[in-house]
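J.: Next comes the structure file query13.pdb, holding PDB, C-alpha atoms.
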```
ATOM      1  CA  MET A   1      15.479 -36.778  -0.796
ATOM      2  CA  PRO A   2      16.796 -33.741  -2.716
ATOM      3  CA  GLY A   3      16.479 -31.532   0.399
ATOM      4  CA  ASP A   4      18.472 -33.943   2.510
ATOM      5  CA  LEU A   5      21.030 -34.450  -0.241
ATOM      6  CA  LEU A   6      21.333 -30.692  -0.683
ATOM      7  CA  GLU A   7      22.207 -30.257   2.988
ATOM      8  CA  ARG A   8      24.846 -32.981   2.812
ATOM      9  CA  LEU A   9      26.271 -31.508  -0.403
ATOM     10  CA  ARG A  10      26.439 -28.068   1.216
ATOM     11  CA  ALA A  11      28.249 -29.470   4.222
ATOM     12  CA  ARG A  12      30.889 -31.137   2.034
ATOM     13  CA  LEU A  13      31.326 -28.397  -0.535
ATOM     14  CA  ALA A  14      31.337 -25.298   1.644
ATOM     15  CA  ASP A  15      34.849 -24.158   0.800
ATOM     16  CA  GLU A  16      37.034 -22.797  -2.034
ATOM     17  CA  GLY A  17      34.162 -20.874  -3.621
ATOM     18  CA  ARG A  18      32.048 -23.980  -4.143
ATOM     19  CA  GLU A  19      28.324 -23.547  -3.698
ATOM     20  CA  ALA A  20      25.355 -25.923  -3.825
ATOM     21  CA  VAL A  21      21.810 -24.698  -4.454
ATOM     22  CA  PHE A  22      18.477 -26.007  -5.679
ATOM     23  CA  ALA A  23      17.635 -24.160  -8.892
ATOM     24  CA  HIS A  24      15.142 -24.768 -11.715
ATOM     25  CA  GLY A  25      14.104 -28.105 -10.244
ATOM     26  CA  LEU A  26      17.631 -29.474 -10.110
ATOM     27  CA  LEU A  27      20.497 -29.678  -7.663
ATOM     28  CA  ALA A  28      23.150 -27.276  -8.905
ATOM     29  CA  VAL A  29      26.767 -26.970  -7.883
ATOM     30  CA  GLN A  30      28.793 -23.932  -8.916
ATOM     31  CA  ILE A  31      32.554 -24.307  -8.661
ATOM     32  CA  PRO A  32      35.766 -22.608  -9.825
ATOM     33  CA  ARG A  33      37.393 -24.531 -12.651
ATOM     34  CA  GLU A  34      40.425 -25.543 -10.568
ATOM     35  CA  ALA A  35      38.087 -27.577  -8.336
ATOM     36  CA  LEU A  36      36.441 -29.496 -11.182
ATOM     37  CA  LEU A  37      38.251 -32.825 -10.910
ATOM     38  CA  ASP A  38      38.048 -32.918  -7.106
ATOM     39  CA  THR A  39      34.364 -32.050  -7.080
ATOM     40  CA  ALA A  40      33.436 -34.510  -9.821
ATOM     41  CA  ASN A  41      35.361 -37.200  -7.978
ATOM     42  CA  LEU A  42      33.582 -36.343  -4.727
ATOM     43  CA  LEU A  43      30.163 -36.434  -6.416
ATOM     44  CA  LYS A  44      30.966 -39.795  -7.982
ATOM     45  CA  GLU A  45      32.584 -41.557  -5.028
ATOM     46  CA  GLY A  46      30.918 -39.811  -2.090
ATOM     47  CA  PHE A  47      27.386 -39.176  -3.360
ATOM     48  CA  GLY A  48      26.826 -41.946  -5.898
ATOM     49  CA  PHE A  49      26.540 -39.789  -9.024
ATOM     50  CA  ASP A  50      27.865 -42.557 -11.240
ATOM     51  CA  LEU A  51      26.322 -41.758 -14.622
ATOM     52  CA  PHE A  52      27.757 -39.003 -16.811
ATOM     53  CA  LEU A  53      24.868 -37.546 -18.825
ATOM     54  CA  ASP A  54      26.272 -34.593 -20.730
ATOM     55  CA  VAL A  55      28.773 -31.811 -20.964
ATOM     56  CA  THR A  56      28.000 -28.629 -22.810
ATOM     57  CA  ALA A  57      28.832 -24.948 -22.587
ATOM     58  CA  VAL A  58      27.019 -21.616 -22.688
ATOM     59  CA  ASP A  59      28.446 -18.605 -24.485
ATOM     60  CA  TRP A  60      27.881 -15.220 -22.833
ATOM     61  CA  PRO A  61      29.634 -12.907 -25.329
ATOM     62  CA  ASP A  62      29.445  -9.780 -23.164
ATOM     63  CA  ARG A  63      30.338 -11.397 -19.887
ATOM     64  CA  ASP A  64      33.702 -12.013 -18.296
ATOM     65  CA  PRO A  65      34.424 -14.913 -17.889
ATOM     66  CA  ARG A  66      32.715 -15.681 -21.191
ATOM     67  CA  PHE A  67      31.797 -19.371 -21.008
ATOM     68  CA  ASP A  68      29.877 -21.562 -18.613
ATOM     69  CA  VAL A  69      30.840 -25.221 -18.840
ATOM     70  CA  VAL A  70      27.927 -27.334 -17.639
ATOM     71  CA  TYR A  71      27.982 -31.001 -16.640
ATOM     72  CA  HIS A  72      24.995 -33.153 -15.807
ATOM     73  CA  LEU A  73      25.429 -36.216 -13.620
ATOM     74  CA  TYR A  74      22.874 -38.792 -12.500
ATOM     75  CA  SER A  75      22.764 -41.116  -9.560
ATOM     76  CA  THR A  76      21.468 -44.566 -10.514
ATOM     77  CA  ARG A  77      21.220 -45.373  -6.806
ATOM     78  CA  ASP A  78      19.135 -42.387  -5.675
ATOM     79  CA  HIS A  79      17.623 -41.427  -9.049
ATOM     80  CA  VAL A  80      18.716 -37.821  -8.661
ATOM     81  CA  ARG A  81      20.368 -35.474 -11.119
ATOM     82  CA  VAL A  82      22.923 -32.782 -10.400
ATOM     83  CA  ARG A  83      24.132 -29.895 -12.524
ATOM     84  CA  LEU A  84      27.798 -28.995 -12.153
ATOM     85  CA  LYS A  85      28.755 -25.568 -13.466
ATOM     86  CA  THR A  86      32.046 -23.795 -13.840
ATOM     87  CA  THR A  87      33.214 -20.743 -15.772
ATOM     88  CA  VAL A  88      36.145 -20.220 -18.132
ATOM     89  CA  PRO A  89      37.362 -17.010 -19.805
ATOM     90  CA  GLY A  90      37.128 -16.573 -23.585
ATOM     91  CA  THR A  91      40.886 -16.035 -23.878
ATOM     92  CA  ASP A  92      41.699 -19.345 -22.218
ATOM     93  CA  PRO A  93      38.742 -21.753 -22.518
ATOM     94  CA  VAL A  94      40.366 -24.763 -20.876
ATOM     95  CA  VAL A  95      39.081 -27.196 -18.257
ATOM     96  CA  ASP A  96      40.373 -30.557 -17.062
ATOM     97  CA  THR A  97      39.007 -33.632 -18.777
ATOM     98  CA  LEU A  98      36.718 -35.971 -16.842
ATOM     99  CA  VAL A  99      37.639 -39.013 -18.943
ATOM    100  CA  PRO A 100      39.591 -40.685 -16.094
ATOM    101  CA  LEU A 101      36.388 -40.611 -13.996
ATOM    102  CA  PHE A 102      33.752 -41.223 -16.673
ATOM    103  CA  GLY A 103      34.662 -42.956 -19.941
ATOM    104  CA  ALA A 104      31.496 -41.584 -21.512
ATOM    105  CA  ALA A 105      32.917 -38.083 -21.273
ATOM    106  CA  ALA A 106      35.340 -38.692 -24.157
ATOM    107  CA  TYR A 107      32.852 -38.302 -27.022
ATOM    108  CA  MET A 108      30.844 -35.554 -25.337
ATOM    109  CA  GLU A 109      33.950 -33.491 -24.726
ATOM    110  CA  ARG A 110      34.766 -33.880 -28.427
ATOM    111  CA  GLU A 111      31.332 -32.519 -29.306
ATOM    112  CA  CYS A 112      31.692 -29.613 -26.898
ATOM    113  CA  HIS A 113      35.089 -28.841 -28.420
ATOM    114  CA  ASP A 114      33.535 -28.946 -31.913
ATOM    115  CA  MET A 115      30.647 -26.670 -31.161
ATOM    116  CA  LEU A 116      32.025 -24.164 -28.661
ATOM    117  CA  GLY A 117      35.775 -24.554 -28.721
ATOM    118  CA  ILE A 118      36.189 -25.525 -25.085
ATOM    119  CA  ARG A 119      39.455 -27.425 -24.707
ATOM    120  CA  PHE A 120      39.686 -30.314 -22.293
ATOM    121  CA  ARG A 121      43.137 -30.692 -20.838
ATOM    122  CA  GLY A 122      44.084 -34.374 -20.792
ATOM    123  CA  ASN A 123      41.644 -35.518 -23.488
ATOM    124  CA  GLU A 124      44.066 -36.511 -26.221
ATOM    125  CA  ASP A 125      41.427 -37.120 -28.878
ATOM    126  CA  LEU A 126      39.637 -33.861 -29.661
ATOM    127  CA  ARG A 127      39.228 -34.538 -33.392
ATOM    128  CA  PRO A 128      35.949 -33.274 -34.905
ATOM    129  CA  ILE A 129      33.098 -35.671 -34.191
ATOM    130  CA  LEU A 130      30.024 -33.917 -35.619
ATOM    131  CA  LEU A 131      31.880 -31.409 -37.800
ATOM    132  CA  TYR A 132      34.491 -32.318 -40.368
ATOM    133  CA  GLU A 133      38.233 -31.860 -40.755
ATOM    134  CA  GLY A 134      39.018 -28.384 -41.969
ATOM    135  CA  PHE A 135      35.972 -26.673 -40.446
ATOM    136  CA  GLU A 136      37.017 -23.258 -39.154
ATOM    137  CA  GLY A 137      35.518 -21.769 -36.029
ATOM    138  CA  HIS A 138      32.923 -23.058 -33.616
ATOM    139  CA  PRO A 139      29.337 -22.782 -34.858
ATOM    140  CA  LEU A 140      27.532 -22.530 -31.525
ATOM    141  CA  ARG A 141      29.566 -19.526 -30.410
ATOM    142  CA  LYS A 142      27.521 -16.367 -30.612
ATOM    143  CA  ASP A 143      30.095 -14.672 -32.839
ATOM    144  CA  TYR A 144      29.933 -17.385 -35.537
ATOM    145  CA  PRO A 145      28.101 -15.734 -38.495
ATOM    146  CA  LYS A 146      24.645 -17.271 -38.825
ATOM    147  CA  GLU A 147      24.850 -17.819 -42.567
ATOM    148  CA  ARG A 148      28.475 -18.836 -42.901
ATOM    149  CA  GLU A 149      28.797 -22.185 -44.662
ATOM    150  CA  GLN A 150      31.909 -24.200 -45.338
ATOM    151  CA  PRO A 151      31.034 -26.593 -48.180
ATOM    152  CA  LEU A 152      33.251 -29.586 -48.923
ATOM    153  CA  VAL A 153      32.056 -30.075 -52.521
ATOM    154  CA  ARG A 154      32.581 -27.362 -55.115
ATOM    155  CA  TYR A 155      29.226 -25.966 -56.220
ATOM    156  CA  ARG A 156      28.009 -26.373 -59.799
ATOM    157  CA  GLU A 157      28.108 -23.283 -61.969
TER     158      GLU A 157
ATOM    159  CA  MET B   1      14.196 -34.296-103.772
ATOM    160  CA  ASN B   2      17.305 -36.376-104.308
ATOM    161  CA  SER B   3      17.919 -39.744-102.767
ATOM    162  CA  SER B   4      20.243 -38.572 -99.956
ATOM    163  CA  ASP B   5      17.514 -36.241 -98.630
ATOM    164  CA  GLN B   6      15.086 -39.132 -98.734
ATOM    165  CA  ASN B   7      17.490 -41.288 -96.773
ATOM    166  CA  LYS B   8      17.978 -38.576 -94.188
ATOM    167  CA  GLY B   9      14.225 -38.146 -93.749
ATOM    168  CA  ALA B  10      13.751 -41.867 -93.288
ATOM    169  CA  PHE B  11      16.577 -41.966 -90.763
ATOM    170  CA  GLU B  12      15.105 -39.141 -88.717
ATOM    171  CA  TYR B  13      11.700 -40.806 -88.792
ATOM    172  CA  LEU B  14      13.207 -44.024 -87.510
ATOM    173  CA  THR B  15      15.187 -42.201 -84.808
ATOM    174  CA  THR B  16      12.082 -40.430 -83.547
ATOM    175  CA  ARG B  17      10.111 -43.659 -83.435
ATOM    176  CA  LYS B  18      13.033 -45.355 -81.682
ATOM    177  CA  ASP B  19      13.153 -42.577 -79.059
ATOM    178  CA  GLU B  20       9.439 -42.970 -78.455
ATOM    179  CA  LEU B  21       9.796 -46.708 -78.036
ATOM    180  CA  VAL B  22      12.804 -46.536 -75.714
ATOM    181  CA  GLY B  23      11.267 -43.672 -73.733
ATOM    182  CA  TRP B  24       8.067 -45.641 -73.301
ATOM    183  CA  ALA B  25      10.068 -48.611 -72.040
ATOM    184  CA  ARG B  26      12.312 -46.599 -69.755
ATOM    185  CA  LYS B  27       9.631 -44.497 -68.124
ATOM    186  CA  PHE B  28       7.923 -47.626 -66.787
ATOM    187  CA  SER B  29      11.067 -49.298 -65.464
ATOM    188  CA  LEU B  30      12.638 -46.792 -63.095
ATOM    189  CA  PHE B  31      14.986 -48.346 -60.589
ATOM    190  CA  PRO B  32      15.172 -45.919 -57.664
ATOM    191  CA  TYR B  33      18.122 -45.602 -55.338
ATOM    192  CA  PRO B  34      16.675 -44.067 -52.153
ATOM    193  CA  PHE B  35      19.275 -41.782 -50.566
ATOM    194  CA  VAL B  36      17.251 -41.372 -47.394
ATOM    195  CA  THR B  37      18.557 -39.167 -44.613
ATOM    196  CA  ALA B  38      15.639 -37.770 -42.631
ATOM    197  CA  CYS B  39      11.972 -37.753 -41.721
ATOM    198  CA  CYS B  40      10.785 -37.690 -45.375
ATOM    199  CA  ALA B  41      11.664 -41.401 -45.272
ATOM    200  CA  MET B  42       8.269 -41.994 -43.638
ATOM    201  CA  GLU B  43       6.505 -40.534 -46.654
ATOM    202  CA  PHE B  44       8.809 -42.467 -48.928
ATOM    203  CA  MET B  45       7.789 -45.707 -47.204
ATOM    204  CA  SER B  46       4.154 -44.703 -47.393
ATOM    205  CA  VAL B  47       4.285 -43.873 -51.073
ATOM    206  CA  SER B  48       6.172 -47.021 -52.020
ATOM    207  CA  SER B  49       3.991 -49.472 -50.094
ATOM    208  CA  THR B  50       0.513 -50.815 -50.680
ATOM    209  CA  MET B  51      -1.687 -47.771 -50.168
ATOM    210  CA  TYR B  52      -0.146 -45.547 -52.839
ATOM    211  CA  ASP B  53       2.048 -48.129 -54.530
ATOM    212  CA  THR B  54       4.699 -46.679 -56.831
ATOM    213  CA  ASP B  55       4.813 -50.098 -58.496
ATOM    214  CA  ARG B  56       1.864 -48.899 -60.575
ATOM    215  CA  PHE B  57       4.360 -46.547 -62.211
ATOM    216  CA  GLY B  58       7.070 -49.157 -62.526
ATOM    217  CA  ALA B  59       9.184 -47.466 -59.864
ATOM    218  CA  ALA B  60       8.827 -49.824 -56.930
ATOM    219  CA  LEU B  61      11.970 -51.855 -56.635
ATOM    220  CA  PRO B  62      14.668 -49.956 -54.756
ATOM    221  CA  ARG B  63      18.209 -50.879 -55.687
ATOM    222  CA  PHE B  64      20.607 -50.441 -52.808
ATOM    223  CA  SER B  65      23.562 -50.102 -55.123
ATOM    224  CA  PRO B  66      23.828 -46.935 -57.203
ATOM    225  CA  ARG B  67      25.386 -48.999 -59.991
ATOM    226  CA  GLN B  68      22.075 -50.776 -60.581
ATOM    227  CA  ALA B  69      19.861 -47.706 -60.273
ATOM    228  CA  ASP B  70      18.778 -45.036 -62.699
ATOM    229  CA  LEU B  71      16.688 -42.790 -60.426
ATOM    230  CA  LEU B  72      18.422 -41.148 -57.477
ATOM    231  CA  MET B  73      15.788 -40.144 -54.925
ATOM    232  CA  VAL B  74      17.313 -37.735 -52.409
ATOM    233  CA  VAL B  75      14.941 -37.945 -49.468
ATOM    234  CA  GLY B  76      15.746 -35.540 -46.647
ATOM    235  CA  THR B  77      18.238 -32.954 -45.457
ATOM    236  CA  ILE B  78      21.735 -33.097 -46.882
ATOM    237  CA  THR B  79      24.471 -31.636 -44.703
ATOM    238  CA  HIS B  80      27.777 -30.299 -45.912
ATOM    239  CA  LYS B  81      29.432 -33.298 -44.276
ATOM    240  CA  GLN B  82      27.271 -35.671 -46.348
ATOM    241  CA  ALA B  83      27.611 -33.776 -49.621
ATOM    242  CA  PRO B  84      30.756 -35.620 -50.827
ATOM    243  CA  VAL B  85      28.966 -38.948 -50.272
ATOM    244  CA  LEU B  86      25.923 -37.860 -52.279
ATOM    245  CA  ARG B  87      28.146 -36.542 -55.076
ATOM    246  CA  ARG B  88      29.998 -39.855 -55.184
ATOM    247  CA  VAL B  89      26.807 -41.920 -55.234
ATOM    248  CA  TYR B  90      25.597 -39.818 -58.174
ATOM    249  CA  GLU B  91      28.863 -40.291 -60.029
ATOM    250  CA  GLN B  92      28.674 -44.067 -59.602
ATOM    251  CA  MET B  93      25.301 -44.316 -61.354
ATOM    252  CA  CYS B  94      25.311 -45.344 -65.019
ATOM    253  CA  GLU B  95      23.709 -43.230 -67.735
ATOM    254  CA  PRO B  96      20.881 -42.666 -68.310
ATOM    255  CA  LYS B  97      20.122 -41.359 -64.816
ATOM    256  CA  TRP B  98      17.661 -38.987 -63.244
ATOM    257  CA  VAL B  99      17.561 -37.225 -59.903
ATOM    258  CA  MET B 100      14.531 -36.443 -57.759
ATOM    259  CA  ALA B 101      14.706 -33.912 -54.911
ATOM    260  CA  PHE B 102      12.146 -35.266 -52.450
ATOM    261  CA  GLY B 103      10.878 -32.637 -49.986
ATOM    262  CA  VAL B 104      11.923 -29.048 -49.316
ATOM    263  CA  CYS B 105      15.199 -29.893 -47.597
ATOM    264  CA  ALA B 106      16.607 -31.645 -50.649
ATOM    265  CA  THR B 107      15.086 -28.960 -52.867
ATOM    266  CA  SER B 108      16.354 -25.830 -51.152
ATOM    267  CA  GLY B 109      17.562 -26.613 -47.638
ATOM    268  CA  GLY B 110      14.032 -26.075 -46.340
ATOM    269  CA  PHE B 111      13.888 -24.239 -43.058
ATOM    270  CA  TYR B 112      17.515 -25.065 -42.261
ATOM    271  CA  ARG B 113      19.736 -22.059 -42.837
ATOM    272  CA  ASN B 114      22.893 -22.587 -40.848
ATOM    273  CA  TYR B 115      26.457 -23.866 -40.858
ATOM    274  CA  ALA B 116      25.413 -27.478 -41.410
ATOM    275  CA  ALA B 117      22.745 -27.731 -44.122
ATOM    276  CA  LEU B 118      23.355 -27.762 -47.866
ATOM    277  CA  GLN B 119      20.965 -25.251 -49.463
ATOM    278  CA  GLY B 120      19.502 -27.666 -52.014
ATOM    279  CA  ILE B 121      21.137 -30.625 -53.722
ATOM    280  CA  ASP B 122      21.127 -28.803 -57.081
ATOM    281  CA  LYS B 123      24.178 -26.937 -55.784
ATOM    282  CA  ILE B 124      26.194 -30.132 -56.313
ATOM    283  CA  ILE B 125      24.263 -32.429 -58.698
ATOM    284  CA  PRO B 126      21.734 -31.739 -61.492
ATOM    285  CA  VAL B 127      18.098 -32.320 -60.533
ATOM    286  CA  ASP B 128      15.271 -33.400 -62.879
ATOM    287  CA  VAL B 129      12.229 -33.078 -60.658
ATOM    288  CA  TYR B 130      11.621 -31.184 -57.418
ATOM    289  CA  ILE B 131       8.862 -32.239 -55.018
ATOM    290  CA  PRO B 132       7.943 -29.541 -52.484
ATOM    291  CA  GLY B 133       6.401 -30.251 -49.099
ATOM    292  CA  CYS B 134       7.569 -30.915 -45.572
ATOM    293  CA  PRO B 135       7.101 -33.788 -46.003
ATOM    294  CA  PRO B 136       5.345 -34.018 -49.396
ATOM    295  CA  ARG B 137       2.008 -35.793 -49.576
ATOM    296  CA  PRO B 138       2.140 -39.131 -51.407
ATOM    297  CA  GLU B 139       0.004 -37.519 -54.110
ATOM    298  CA  SER B 140       2.750 -34.934 -54.707
ATOM    299  CA  VAL B 141       5.334 -37.665 -55.005
ATOM    300  CA  ILE B 142       3.215 -39.563 -57.505
ATOM    301  CA  ASP B 143       2.725 -36.330 -59.425
ATOM    302  CA  GLY B 144       6.506 -35.878 -59.404
ATOM    303  CA  ILE B 145       7.041 -39.408 -60.720
ATOM    304  CA  MET B 146       4.511 -38.793 -63.493
ATOM    305  CA  GLN B 147       6.201 -35.537 -64.474
ATOM    306  CA  LEU B 148       9.515 -37.360 -64.597
ATOM    307  CA  GLN B 149       7.927 -40.052 -66.777
ATOM    308  CA  GLU B 150       6.713 -37.381 -69.182
ATOM    309  CA  LYS B 151      10.193 -35.927 -69.282
ATOM    310  CA  ILE B 152      11.715 -39.345 -70.014
ATOM    311  CA  ALA B 153       9.137 -40.101 -72.697
ATOM    312  CA  GLY B 154       9.780 -36.753 -74.380
ATOM    313  CA  SER B 155      13.575 -36.846 -74.460
ATOM    314  CA  SER B 156      15.932 -38.499 -76.895
ATOM    315  CA  HIS B 157      17.520 -41.805 -75.979
ATOM    316  CA  PRO B 158      20.829 -42.353 -77.728
ATOM    317  CA  ILE B 159      21.751 -46.002 -77.422
ATOM    318  CA  VAL B 160      24.986 -46.629 -79.284
ATOM    319  CA  SER B 161      25.792 -43.110 -80.421
ATOM    320  CA  ASP B 162      24.168 -39.702 -80.813
ATOM    321  CA  ARG B 163      23.067 -40.622 -84.325
ATOM    322  CA  PHE B 164      21.073 -43.702 -83.466
TER     323      PHE B 164
END
```
Just dump the structure as C-alpha cells.
T.:
Amino acid sequence: MPGDLLERLRARLADEGREAVFAHGLLAVQIPREALLDTANLLKEGFGFDLFLDVTAVDWPDRDPRFDVVYHLYSTRDHVRVRLKTTVPGTDPVVDTLVPLFGAAAYMERECHDMLGIRFRGNEDLRPILLYEGFEGHPLRKDYPKEREQPLVRYRE
Amino acid sequence: MNSSDQNKGAFEYLTTRKDELVGWARKFSLFPYPFVTACCAMEFMSVSSTMYDTDRFGAALPRFSPRQADLLMVVGTITHKQAPVLRRVYEQMCEPKWVMAFGVCATSGGFYRNYAALQGIDKIIPVDVYIPGCPPRPESVIDGIMQLQEKIAGSSHPIVSDRF
C-alpha cells in the first residue's frame, strides 16, 4: 500500500518544489510554506488523510532557513501515516494555520507557538497553553538558556 | 526562694507537661492533605493502604480540603506554573501545620533542571521533613512520618497564647 500511495502522491505533487519520498519508515512530503494549505487540503480530500495527529517544529540554529515545521497526518481509511514538512526562516517564523481543515490543530498550534515561537497566521487564539502568561522566550529553541527559570512565586529568603 | 519564683516554676512545669500531652495527642492524629502531582502517587497509595498502613501512625485519613488538614504532603514534581496553587493551599491550612516533601522532586527538583520545574518546594513554603527517593520506598515514608512525630512531640504547643 505505501508504495502505491507514494507513486500516486508523487504524481499529484510533482510541481512547485513539492516532493514525496519514503523516509524512516514513513511517507514524507516536503513542501515550500506557501503550498501548505493547498497540500494539506489535497492530502485530506484527495488521499483520505483525515486525522490530524500533531504539529511540531525543529530548531536548526545554524541553518538558514532555521526552522522545520512538521505535521503528522493519519488516514483512518488506509491506516497510513504521512509526515508533512516545510521550512520557515528564523526572522519570520510564520505559516498558515490548518484550523479550517482540522479543528484539532488549534490546541497543537498553541503548543508549538509556546515552545518554539512559530506563529500560525489565521489562528486567533495563540495564548499560552502549557506555559503561563508572562513567560518570556520559547523554551524548546536551542538558544533558550538551559537553566533559565521564570518563577511566578517569590522565593523565601 | 520567694513565692513568685515558686509560682513561676510551677507554671513552667505545667506548661511542659501540657506540651507533652498535646504533642502526644497531635502526633497520632495527623490529617494529611495529599498534594499529588506525579508518579510518587503510586508509592503514596501503597504506603497508605493495607500493606504498609499509615493508619498505624494515625495519619491515614486524607482530607481533600486544606482547611481540615494539618499535614501537607507534597507528592511529586512541582512546576513553576503550579507553584502559586501550592502556595495558596499552604496558606489556607490552619495552624498548627506541617509540610512533608515526598520524593526527590518535591525535595530538590530531582533530575528536572529546566525552565519548568521548581527546584524544591522549600523555595516557596517551609518544609518539616524531606523524604528522598525516586520514588521513596514505603519504609522511607514511614520513617519520615516517625521523624515528624518526634518533631511534633518535642515542640511546644501554644493553645490560647504563647504563655499557656
J.: Apply the ChimeraX specification (/A :<7) & /B to the file shown and report the selected residues as a PyMOL selection string.
T.: chain B and resi 80-81+83-84+113-115+123-124
J.: Can you list, as a list in words, every protein, DNA or RNA residue that comes within 8 Å of segment 21-26 of chain A when you count only C-alpha atoms, leaving out same-chain residues fewer than 4 positions away?
T.: Leu6, Arg81, Val82 and Arg83 of chain A
J.: Rank A:Tyr71, A:Gly90, A:Arg121, A:Arg110 by their smallest atom-to-atom distance to Ala28 of chain A, using only C-alpha atoms, and report the top residue only.
T.: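 That would be A:Tyr71, the residue with the smallest distance to Ala28 of chain A.
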J.: Care to translate the PyMOL selection byres ((chain A and resi 96-109) around 12) into actual residues of this file, as number ranges by chain?
T.: A: 32-45, 49-57, 69-74, 86, 88, 93-95, 110-130
J.: For the atom pair atom CA of Lys8 of chain B and atom CA of Ile159 of chain B, what is the interatomic distance in Å to one decimal place?
T.: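 Answer for the atom CA of Lys8 of chain B to atom CA of Ile159 of chain B separation: 18.7 Å.
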J.: Would you compute an axis-aligned box for segment 5-17 of chain B, covering every atom listed for it in the file with 3 Å of margin on each side, and report centre and edge lengths in Å to one decimal as lines of an AutoDock Vina configuration file?
T.:
```
center_x = 14.0
center_y = -40.1
center_z = -91.1
size_x = 13.9
size_y = 13.8
size_z = 21.3
```
J.: So how far away is atom CA of Leu71 of chain B from atom CA of Cys94 of chain B, in Å?
T.: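 Between atom CA of Cys94 of chain B and atom CA of Leu71 of chain B the gap works out to 10.1 Å.
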J.: Enumerate, as a PyMOL selection string, the residues matched when the PyMOL selection byres ((chain B and resi 75) around 9) is run on the file above.
T.: chain B and resi 34-41+44+73-74+76-78+100-103+105-106
J.: How many Å lie between atom CA of Gly133 of chain B and atom CA of Leu30 of chain B, rounded to one decimal?
T.: 22.5 Å
J.: Just give me the residues with any atom within 12 Å of (23.1, -47.2, -58.3), file coordinates, counting all atoms listed in the file, written as a PyMOL selection string.
T.: chain B and resi 30-35+62-73+86+88-99
